[in-house]
Amino acid sequence: EGEWKERGVGELKLLKNKKSGLIRILVRAEKTHKCIVNHLLQQKLIFCKLEQLKTSNNSWTWAAYDISDEKPRLKSFAVNLLKEDFEGFKAEFEKACEHNAKLLSEGKEKEEKA
C-alpha cells in the first residue's frame, strides 16, 4: 500500500540446500524465532534485482515469492545493514542468484534431454 511494514529484526542467512544446492534467504525474528523471510533466490522477471532504498544509504530492496507464511506470496523486502556490510551483502546476494540460475538452467537442460 505504498508504505513499508516492519516484519521484525533478525539475522539474515543465505542457506544452501545440501541436496539441491539451491540457496535461499531465511530470517527468523530475534526473540520469537518466528520465520519472517524465507525465499529462494531466482533470477527471473523482477526477482534478484537489488535496488538501494532511496531513503537510506545502508538499505537494499528486492522482490520475491516468500513462503514464510506458508503460502507463496509476492512481496517486496528491504534490509537495513551496517555500513561495513552494505556492499558485501550485495556481492553475496548476486553471487547466490547467479549460482541458483546456473543450477536451475542445468536442471531444465537435463529435463529437456530426458
# chains A, B, ... in the order shown; residues from 1 in each chain; ligands from 1
>>> residues_around(residues="Lys90 in chain A", least_positions_apart="2", cutoff="12 Å", atoms="only C-alpha atoms", output="ChimeraX atom specification")
/A:48-52,58-62,79,81,84-88,92-97
>>> select_by_dssp(residues="chain A", states="strand (DSSP E)", output="number ranges by chain")
A: 12-16, 23-28, 35-40, 51-52, 59-66, 73-80
>>> write_last_selection(atoms="N, CA and C atoms", output="CSV table (one decimal), in the first residue's frame")
chain,number,residue,atom,x,y,z
A,12,LEU,N,19.9,-12.3,9.1
A,12,LEU,CA,19.6,-12.8,7.7
A,12,LEU,C,20.7,-13.8,7.3
A,13,LYS,N,20.2,-15.0,6.8
A,13,LYS,CA,21.1,-16.0,6.4
A,13,LYS,C,20.9,-16.4,5.0
A,14,LEU,N,21.9,-16.7,4.3
A,14,LEU,CA,21.9,-17.3,3.0
A,14,LEU,C,22.2,-18.8,3.2
A,15,LEU,N,21.2,-19.7,3.0
A,15,LEU,CA,21.4,-21.1,3.3
A,15,LEU,C,21.4,-21.9,2.0
A,16,LYS,N,22.3,-22.8,1.9
A,16,LYS,CA,22.4,-23.7,0.7
A,16,LYS,C,21.9,-25.1,1.0
A,23,ILE,N,20.2,-21.9,-3.1
A,23,ILE,CA,20.4,-21.0,-2.0
A,23,ILE,C,19.1,-20.2,-1.8
A,24,ARG,N,18.7,-20.1,-0.5
A,24,ARG,CA,17.6,-19.3,-0.1
A,24,ARG,C,18.0,-18.3,1.0
A,25,ILE,N,17.1,-17.3,1.2
A,25,ILE,CA,17.3,-16.4,2.3
A,25,ILE,C,16.3,-16.8,3.4
A,26,LEU,N,16.8,-16.8,4.6
A,26,LEU,CA,16.0,-17.1,5.8
A,26,LEU,C,16.3,-16.0,6.9
A,27,VAL,N,15.2,-15.5,7.4
A,27,VAL,CA,15.3,-14.6,8.6
A,27,VAL,C,14.3,-15.1,9.6
A,28,ARG,N,14.8,-15.2,10.8
A,28,ARG,CA,13.9,-15.5,12.0
A,28,ARG,C,13.9,-14.3,12.9
A,35,CYS,N,9.6,-17.5,11.7
A,35,CYS,CA,10.2,-17.2,10.3
A,35,CYS,C,9.5,-16.0,9.8
A,36,ILE,N,10.3,-15.0,9.4
A,36,ILE,CA,9.7,-13.8,8.8
A,36,ILE,C,10.1,-13.5,7.4
A,37,VAL,N,11.2,-14.2,6.9
A,37,VAL,CA,11.5,-14.2,5.5
A,37,VAL,C,12.1,-15.5,5.1
A,38,ASN,N,11.6,-16.1,4.0
A,38,ASN,CA,12.0,-17.4,3.6
A,38,ASN,C,11.7,-17.5,2.1
A,39,HIS,N,12.7,-17.3,1.3
A,39,HIS,CA,12.5,-17.5,-0.2
A,39,HIS,C,13.8,-17.9,-0.9
A,40,LEU,N,13.5,-18.5,-2.1
A,40,LEU,CA,14.6,-18.9,-3.0
A,40,LEU,C,15.1,-17.7,-3.7
A,51,GLU,N,18.0,-3.1,-5.4
A,51,GLU,CA,18.0,-1.6,-5.6
A,51,GLU,C,18.2,-1.0,-4.2
A,52,GLN,N,19.0,0.1,-4.2
A,52,GLN,CA,19.3,0.8,-3.0
A,52,GLN,C,18.0,1.6,-2.6
A,59,SER,N,20.5,0.5,3.0
A,59,SER,CA,19.4,-0.5,2.8
A,59,SER,C,19.3,-0.9,1.3
A,60,TRP,N,19.0,-2.2,1.1
A,60,TRP,CA,18.7,-2.7,-0.2
A,60,TRP,C,17.3,-3.2,-0.2
A,61,THR,N,16.6,-3.2,-1.4
A,61,THR,CA,15.3,-3.7,-1.6
A,61,THR,C,15.3,-4.7,-2.7
A,62,TRP,N,14.4,-5.7,-2.7
A,62,TRP,CA,14.2,-6.7,-3.8
A,62,TRP,C,12.8,-7.3,-3.6
A,63,ALA,N,12.4,-8.0,-4.6
A,63,ALA,CA,11.1,-8.7,-4.6
A,63,ALA,C,11.3,-10.2,-4.7
A,64,ALA,N,10.4,-10.9,-4.1
A,64,ALA,CA,10.5,-12.4,-4.2
A,64,ALA,C,9.1,-13.0,-3.8
A,65,TYR,N,9.0,-14.3,-4.2
A,65,TYR,CA,7.9,-15.1,-3.7
A,65,TYR,C,8.3,-15.7,-2.4
A,66,ASP,N,7.7,-15.1,-1.3
A,66,ASP,CA,8.1,-15.5,0.0
A,66,ASP,C,7.1,-16.6,0.5
A,73,ARG,N,3.7,-15.8,-1.7
A,73,ARG,CA,3.1,-14.5,-2.0
A,73,ARG,C,4.2,-13.6,-2.5
A,74,LEU,N,3.9,-12.8,-3.5
A,74,LEU,CA,4.9,-11.8,-4.0
A,74,LEU,C,5.0,-10.7,-3.0
A,75,LYS,N,6.2,-10.4,-2.5
A,75,LYS,CA,6.4,-9.4,-1.6
A,75,LYS,C,7.7,-8.6,-1.9
A,76,SER,N,7.7,-7.4,-1.5
A,76,SER,CA,9.0,-6.6,-1.5
A,76,SER,C,9.6,-6.6,-0.2
A,77,PHE,N,10.9,-6.7,-0.2
A,77,PHE,CA,11.7,-6.7,1.0
A,77,PHE,C,12.7,-5.6,1.1
A,78,ALA,N,13.1,-5.2,2.3
A,78,ALA,CA,14.2,-4.2,2.5
A,78,ALA,C,15.0,-4.8,3.7
A,79,VAL,N,16.3,-4.6,3.5
A,79,VAL,CA,17.2,-5.0,4.6
A,79,VAL,C,18.0,-3.8,4.9
A,80,ASN,N,18.1,-3.5,6.2
A,80,ASN,CA,19.0,-2.3,6.7
A,80,ASN,C,20.2,-2.9,7.3
>>> closest_residue(among="A:His33, A:Lys19, A:Trp4, A:Pro72", to="Leu53 in chain A", atoms="only C-alpha atoms")
A:Trp4
>>> residues_around(residues="Lys34 in chain A", least_positions_apart="3", cutoff="10 Å", atoms="only C-alpha atoms", output="ChimeraX atom specification")
/A:8,10,27-31,37,68-69
>>> write_last_selection(atoms="N, CA, C and O atoms", output="CSV table (one decimal), in the first residue's frame")
chain,number,residue,atom,x,y,z
A,8,GLY,N,10.1,-7.6,11.4
A,8,GLY,CA,10.9,-7.9,12.5
A,8,GLY,C,12.4,-7.7,12.3
A,8,GLY,O,12.8,-7.4,11.2
A,10,GLY,N,16.1,-9.6,12.8
A,10,GLY,CA,16.8,-10.9,13.0
A,10,GLY,C,18.0,-11.0,12.1
A,10,GLY,O,18.3,-10.1,11.3
A,27,VAL,N,15.2,-15.5,7.4
A,27,VAL,CA,15.3,-14.6,8.6
A,27,VAL,C,14.3,-15.1,9.6
A,27,VAL,O,13.1,-15.2,9.3
A,28,ARG,N,14.8,-15.2,10.8
A,28,ARG,CA,13.9,-15.5,12.0
A,28,ARG,C,13.9,-14.3,12.9
A,28,ARG,O,15.0,-13.7,13.1
A,29,ALA,N,12.8,-14.0,13.5
A,29,ALA,CA,12.7,-12.9,14.4
A,29,ALA,C,13.6,-13.2,15.6
A,29,ALA,O,13.7,-14.3,16.1
A,30,GLU,N,14.2,-12.1,16.1
A,30,GLU,CA,15.2,-12.2,17.1
A,30,GLU,C,14.7,-12.9,18.4
A,30,GLU,O,15.4,-13.8,18.9
A,31,LYS,N,13.6,-12.5,18.9
A,31,LYS,CA,13.1,-13.0,20.2
A,31,LYS,C,12.2,-14.2,20.0
A,31,LYS,O,12.3,-15.2,20.8
A,37,VAL,N,11.2,-14.2,6.9
A,37,VAL,CA,11.5,-14.2,5.5
A,37,VAL,C,12.1,-15.5,5.1
A,37,VAL,O,12.9,-16.1,5.8
A,68,SER,N,7.3,-17.6,4.0
A,68,SER,CA,7.4,-17.6,5.4
A,68,SER,C,6.0,-17.7,6.1
A,68,SER,O,5.9,-18.2,7.2
A,69,ASP,N,4.9,-17.4,5.4
A,69,ASP,CA,3.6,-17.5,5.9
A,69,ASP,C,3.0,-18.8,5.3
A,69,ASP,O,1.7,-19.0,5.3
